[in-house]
Every structure is written in C-alpha cells, then in structure tokens.
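Reviewing the structure listed below.
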Amino acid sequence: MMAMLRWLQAMAIRLFDKVDLPLLLALLCVMLISLVVLASAGGDNTRLVVSQAARFGFGLVAMVVVSRLTPAKLRLWTPLAYGGSLVLLALVFVFGSGRSADLWLDLGVFYLQPGELLKLSVPMMLAWYLHGVVLPPKWTSLAVAAGIIGLPVAMIIKQPDLGTGMLVAASGAFAIYLAGIAWWRIGLFAGLGLASLPAVWPFLLPHQRERVLTFLDPESDPLGTGWNIIQSKIAIGSGGFSGKGWGQGSQAHLDFLPEHTTDFIFSVLSEEWGWLGVVTLLALYLFIVGRCLWLAAGARDGYSRILAGALAMTFSVYVIVNGGMVAGLLPVVGVPMPLLSYGGTSAVSLLAGLGLVMAVRTHRPVHGYR
C-alpha cells in the first residue's frame with residue numbers, strides 16, 4: 001500500500017513539475033467562483049454546472065499536457081497549428097452552425113469554434129516569424145505580420161463574429177508590440193486606425209451598427225436594443241457593497257437579464273456578491289495576468305517571451321472588454337468573461353493558452369524565478 005502511494009506521489013510530481021503552482025491556484029479559484037455563480041444563475045438547471053466542470057477538467061488536462069512541451073517543440077509545430085486553425089476556420093463557411101452566424105463546427109461529440117483556436121495560433125505564428133527576423137521589426141516584417149493577422153481576422157469577421165475577430169487582432173498586435181516595434185510606428189498605426197473609423201461605418205452590418213448606437217444611447221430604446229445594457233447596469237448597481245446573497249439576484253432569476261450564464265454572468269456576480277465579489281475576482285485576474293507577464297519576462301528566447309507576453313495581455317483584454325461591456329462602457333460584442341462565463345471552447349482554449357505560458361518555464365534561466 002505504501003509503495004502504491006509513493007508511486008502515485010512520484011507520478012503526480014512528475015506530471016505537474018512543469019505547472020506553475022501559483023498560477024494554477026489562482027485559476028482554480030476563478031473556476032470555483034464560476035461554478036458557484038453558475039449554480040445560482042442556472043437556477044434548477046444543474047446540468048450547466050456539471051457540464052462546465054467537465055469542460056474545466058478537460059481544459060486543465062490540456063493545460064498540463066501543453067505545459068510539458070518545450071519551446072523548441074512549440075516552435076516546430078507552430079506553422080502546423082496556424083495552418084490547421086485556418087483550415088478549420090474555412091470549414092466553418094461550409095459546415096458551420098450558429099444562432100446568428102456560422103460560428104461552430106459540429107463534431108458530433110462537441111461543438112468547436114475555430115475562432116477560439118486562432119487566439120492561440122496567431123500569436124504563436126507571429127512569435128515564430130518574429131523570432132527569426134531582425135528586431136525591432138521593419139516595414140517588410142510588419143507587412144508579413146499584418147498578413148498573418150489579417151487573413152484569419154477577415155475570415156472571422158466574415159462569419160460574422162466581430163468580437164472574436166477583435167480579440168484575435170489584439171493577440172497579434174500584442175505580439176508585434178512585444179517584438180519591440182518603435183513607438184512612432186505605434187502612434188502612426190493608432191492614428192490611422194482612428195482616422196479610418198468613419199470609413200468603416202458603412203461596411204458594418206445592421207446589428208453591429210445597432211450595438212454601437214445602443215452603446216451611445218441605450219435609453220433611446222429601453223425595451224428593445226437597450227434592454228440588455230440597462231438591466232445589466234441595474235444588476236451591477238443593486239449589488240452594493242456585499243451583494244444580495246447567493247441565489248437572491250432578481251435580475252437573473254426573474255429573467256430580466258438575458259444571457260445571464262454567458263456574456264452577462266459578471267452582472268450576476270456583481271448583484272449577488274457586490275463590491276466584495278467583484279474586487280476578489282478582479283484581484284485574481286490581475287494576479288493571473290501579472291504572473292504570466294512575470295513568466296514571460298524570464299523567458300530565455302524571443303519566441304517564448306513574445307508568445308507568453310501576448311497571451312497574458314490578450315487575457316487582460318477579455319476582462320476589460322467584457323467588464324466594460326456589461327457596465328455600459330463599451331458596445332456589446334459578445335466577448336465572454338474568461339473562465340467565468342459558461343462555454344466550452346473558450347474555457348479550454350484559455351487554459352491551453354495558459355499551458356503555453358507555463359511551458360516557458362521549461363527553459364528558464366539558471367537563476368530563474370519561483
């Protein structure tokens with residue numbers, strides 16, 4: 001019996017020796033909060049909690065497996081991962097299914113959203129490319145990088161899925177930023193982007209224009225397009241300091257708040273757990289992003305540093321966009337709160353991405369970091 005226990009202990013140590021324990025503990029705390037909030041938001045539908053717990057388990061397995069890969073192996077497989085993601089994304093146009101867009105592939109056992117995979121493979125491909133060029137990147141390198149980002153983003157927006165397209169573009173932009181692009185170039189691109197906004201407006205779909213107009217004035221149609229944001233703000237504001245208590249949120253349980261298990265689950269947390277719950281969750285998110293950036297800073301090669309840093313900063317964009325969206329500070333674009341919102345592909349891809357960040361530790365410097 002003792003021999004069996006020692007063997008199991010040795011196997012566990014060997015399996016998790018590449019996993020960053022502080023980061024793992026913070027992730028487990030966020031996932032626990034998610035299940036607790038889902039148990040309330042879902043009402044009597046316990047299937048939501050069981051299903052999400054199973055997805056978290058699958059994502060944790062993916063994270064542990066990916067964390068054991070060395071940066072050298074990741075670099076070797078990066079073009080294949082990027083190309084495979086593009087192929088799956090192309091198949092969406094033929095076999096895709098969704099409520100308002102062709103977003104998912106039905107694989108029988110589960111639905112796969114290829115756009116989520118691009119959030120990993122795009123920064124991987126950019127890190128792979130930029131690792132082999134002279135840094136900071138020149139105009140030729142930036143043009144190639146723009147093509148690596150632009151092709152999948154254009155395909156995703158065509159589905160149409162503007163929210164995922166923006167996150168994929170952000171992950172690529174962060175990779176270029178971490179490659180050391182000159183500040184005057186960043187200012188130039190930012191200025192061109194702002195100047196092009198009026199020209200983009202005619203190309204937006206009707207529902208996308210509606211979201212922007214609703215963001216600017218949600219009270220103009222309080223029973224229609226402005227309903228989601230208004231009810232979300234009511235839920236957030238009514239939570240107060242300590243919240244109404246678990247299962248006591250009126251906005252979700254009386255069906256005033258739509259999508260309260262997915263895009264607007266942060267509003268449910270705010271109403272039931274108040275300012276204390278919000279600060280706790282945001283502190284965990286801040287620790288996760290900070291820890292990932294710390295691991296990225298200790299990377300030994302450019303590929304690892306760019307990849308880990310870009311994934312960490314993309315994670316922060318999830319939090320900022322969803323938080324701003326449910327608070328009425330940003331237009332509603334369908335971006336989930338990471339590891340809090342109900343969803344499979346998003347949770348698994350996020351955990352796998354954090355496994356990539358942990359993989360950086362396999363080639364840490366001699367004096368490393370703890």
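Labeling convention for the structure tokens: chains A, B, ... as they appear, residues from 1 per chain, ligands from 1 in order of appearance.
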According to DSSP computed on the backbone, where in stretch 72-267 of chain A is there alpha helix (DSSP H)? Give the residues as a count of residues only. 126
For A:Leu88, work out the shell of residues within 10 Å, counting only C-alpha atoms and skipping chain neighbours fewer than 6 positions away, then give it as number ranges by chain. A: 95-96, 104-105, 112-115, 117-118
Could you go through stretch 68-233 of chain A and tell me which residues DSSP, when run on the backbone, assigns to strand (DSSP E), listing them as an NGL selection string? :A and (96-97 or 104-106 or 111-112)
Tell me which protein, DNA and RNA residues are within 7 Å of stretch 237-254 of chain A, counting only C-alpha atoms, leaving out same-chain ones fewer than 4 positions away, and put them as a PyMOL selection string. chain A and resi 40-41+233+260+268+270-276
Preceding selection exported with all heavy atoms as an mmCIF file, in the first residue's frame:
data_model
loop_
_atom_site.group_PDB
_atom_site.id
_atom_site.type_symbol
_atom_site.label_atom_id
_atom_site.label_comp_id
_atom_site.auth_asym_id
_atom_site.auth_seq_id
_atom_site.Cartn_x
_atom_site.Cartn_y
_atom_site.Cartn_z
ATOM 1 N N SER A 40 -26.117 29.424 -9.225
ATOM 2 C CA SER A 40 -27.188 30.363 -8.925
ATOM 3 C C SER A 40 -27.877 30.845 -10.189
ATOM 4 O O SER A 40 -29.100 30.820 -10.295
ATOM 5 C CB SER A 40 -26.627 31.555 -8.145
ATOM 6 O OG SER A 40 -27.602 32.566 -7.997
ATOM 7 N N ALA A 41 -27.071 31.265 -11.173
ATOM 8 C CA ALA A 41 -27.644 31.832 -12.403
ATOM 9 C C ALA A 41 -28.445 30.806 -13.188
ATOM 10 O O ALA A 41 -29.437 31.147 -13.851
ATOM 11 C CB ALA A 41 -26.529 32.403 -13.279
ATOM 12 N N LYS A 233 -26.741 47.059 -15.971
ATOM 13 C CA LYS A 233 -26.339 48.153 -15.076
ATOM 14 C C LYS A 233 -27.171 48.164 -13.797
ATOM 15 O O LYS A 233 -26.668 48.475 -12.708
ATOM 16 C CB LYS A 233 -26.445 49.488 -15.822
ATOM 17 C CG LYS A 233 -25.371 49.658 -16.890
ATOM 18 C CD LYS A 233 -25.720 50.710 -17.917
ATOM 19 C CE LYS A 233 -25.729 52.095 -17.382
ATOM 20 N NZ LYS A 233 -25.930 53.102 -18.447
ATOM 21 N N HIS A 260 -27.588 35.504 -18.991
ATOM 22 C CA HIS A 260 -27.000 35.691 -17.672
ATOM 23 C C HIS A 260 -26.044 34.572 -17.256
ATOM 24 O O HIS A 260 -25.418 34.664 -16.205
ATOM 25 C CB HIS A 260 -28.096 35.858 -16.611
ATOM 26 C CG HIS A 260 -29.133 34.772 -16.632
ATOM 27 N ND1 HIS A 260 -30.302 34.895 -17.334
ATOM 28 C CD2 HIS A 260 -29.154 33.561 -16.046
ATOM 29 C CE1 HIS A 260 -31.013 33.797 -17.172
ATOM 30 N NE2 HIS A 260 -30.340 32.963 -16.395
ATOM 31 N N VAL A 268 -24.374 39.050 -12.832
ATOM 32 C CA VAL A 268 -24.954 38.205 -11.788
ATOM 33 C C VAL A 268 -24.029 38.184 -10.567
ATOM 34 O O VAL A 268 -24.480 38.303 -9.423
ATOM 35 C CB VAL A 268 -25.184 36.778 -12.313
ATOM 36 C CG1 VAL A 268 -25.775 35.893 -11.215
ATOM 37 C CG2 VAL A 268 -26.105 36.793 -13.524
ATOM 38 N N SER A 270 -21.950 40.477 -9.701
ATOM 39 C CA SER A 270 -21.993 41.802 -9.075
ATOM 40 C C SER A 270 -23.230 41.979 -8.220
ATOM 41 O O SER A 270 -23.172 42.557 -7.125
ATOM 42 C CB SER A 270 -21.948 42.890 -10.152
ATOM 43 O OG SER A 270 -20.797 42.776 -10.954
ATOM 44 N N GLU A 271 -24.370 41.491 -8.701
ATOM 45 C CA GLU A 271 -25.614 41.663 -7.953
ATOM 46 C C GLU A 271 -25.637 40.811 -6.687
ATOM 47 O O GLU A 271 -26.084 41.265 -5.633
ATOM 48 C CB GLU A 271 -26.809 41.297 -8.839
ATOM 49 C CG GLU A 271 -28.147 41.529 -8.152
ATOM 50 C CD GLU A 271 -29.320 41.207 -9.049
ATOM 51 O OE1 GLU A 271 -29.142 40.439 -10.028
ATOM 52 O OE2 GLU A 271 -30.429 41.709 -8.775
ATOM 53 N N GLU A 272 -25.141 39.573 -6.776
ATOM 54 C CA GLU A 272 -25.269 38.654 -5.643
ATOM 55 C C GLU A 272 -24.115 38.760 -4.653
ATOM 56 O O GLU A 272 -24.289 38.440 -3.476
ATOM 57 C CB GLU A 272 -25.390 37.222 -6.159
ATOM 58 C CG GLU A 272 -26.644 36.992 -6.983
ATOM 59 C CD GLU A 272 -26.877 35.544 -7.317
ATOM 60 O OE1 GLU A 272 -25.977 34.709 -7.032
ATOM 61 O OE2 GLU A 272 -27.950 35.221 -7.865
ATOM 62 N N TRP A 273 -22.936 39.193 -5.123
ATOM 63 C CA TRP A 273 -21.764 39.253 -4.246
ATOM 64 C C TRP A 273 -21.224 40.657 -4.057
ATOM 65 O O TRP A 273 -20.276 40.858 -3.296
ATOM 66 C CB TRP A 273 -20.657 38.324 -4.784
ATOM 67 C CG TRP A 273 -21.097 36.887 -4.814
ATOM 68 C CD1 TRP A 273 -21.647 36.221 -5.868
ATOM 69 C CD2 TRP A 273 -21.062 35.952 -3.731
ATOM 70 N NE1 TRP A 273 -21.947 34.922 -5.536
ATOM 71 C CE2 TRP A 273 -21.583 34.724 -4.219
ATOM 72 C CE3 TRP A 273 -20.624 36.022 -2.412
ATOM 73 C CZ2 TRP A 273 -21.695 33.596 -3.433
ATOM 74 C CZ3 TRP A 273 -20.742 34.884 -1.615
ATOM 75 C CH2 TRP A 273 -21.265 33.693 -2.118
ATOM 76 N N GLY A 274 -21.788 41.601 -4.777
ATOM 77 C CA GLY A 274 -21.466 43.002 -4.557
ATOM 78 C C GLY A 274 -20.027 43.387 -4.866
ATOM 79 O O GLY A 274 -19.305 42.703 -5.599
ATOM 80 N N TRP A 275 -19.646 44.510 -4.272
ATOM 81 C CA TRP A 275 -18.304 45.054 -4.490
ATOM 82 C C TRP A 275 -17.229 44.081 -4.023
ATOM 83 O O TRP A 275 -16.188 43.947 -4.670
ATOM 84 C CB TRP A 275 -18.189 46.370 -3.733
ATOM 85 C CG TRP A 275 -16.879 47.084 -3.895
ATOM 86 C CD1 TRP A 275 -16.524 47.936 -4.902
ATOM 87 C CD2 TRP A 275 -15.741 46.999 -3.020
ATOM 88 N NE1 TRP A 275 -15.234 48.391 -4.710
ATOM 89 C CE2 TRP A 275 -14.739 47.830 -3.560
ATOM 90 C CE3 TRP A 275 -15.490 46.320 -1.836
ATOM 91 C CZ2 TRP A 275 -13.493 47.988 -2.964
ATOM 92 C CZ3 TRP A 275 -14.243 46.462 -1.230
ATOM 93 C CH2 TRP A 275 -13.265 47.295 -1.791
ATOM 94 N N LEU A 276 -17.477 43.350 -2.942
ATOM 95 C CA LEU A 276 -16.501 42.399 -2.425
ATOM 96 C C LEU A 276 -16.231 41.281 -3.426
ATOM 97 O O LEU A 276 -15.083 40.888 -3.645
ATOM 98 C CB LEU A 276 -16.989 41.805 -1.099
ATOM 99 C CG LEU A 276 -17.033 42.755 0.102
ATOM 100 C CD1 LEU A 276 -17.621 42.044 1.322
ATOM 101 C CD2 LEU A 276 -15.637 43.287 0.405
#
Using only C-alpha atoms, which residue out of A:Val50, A:Leu216, A:Ala175, A:Ala72 lies closest to A:Pro123?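 Closest residue, counting only C-alpha atoms: A:Ala175.
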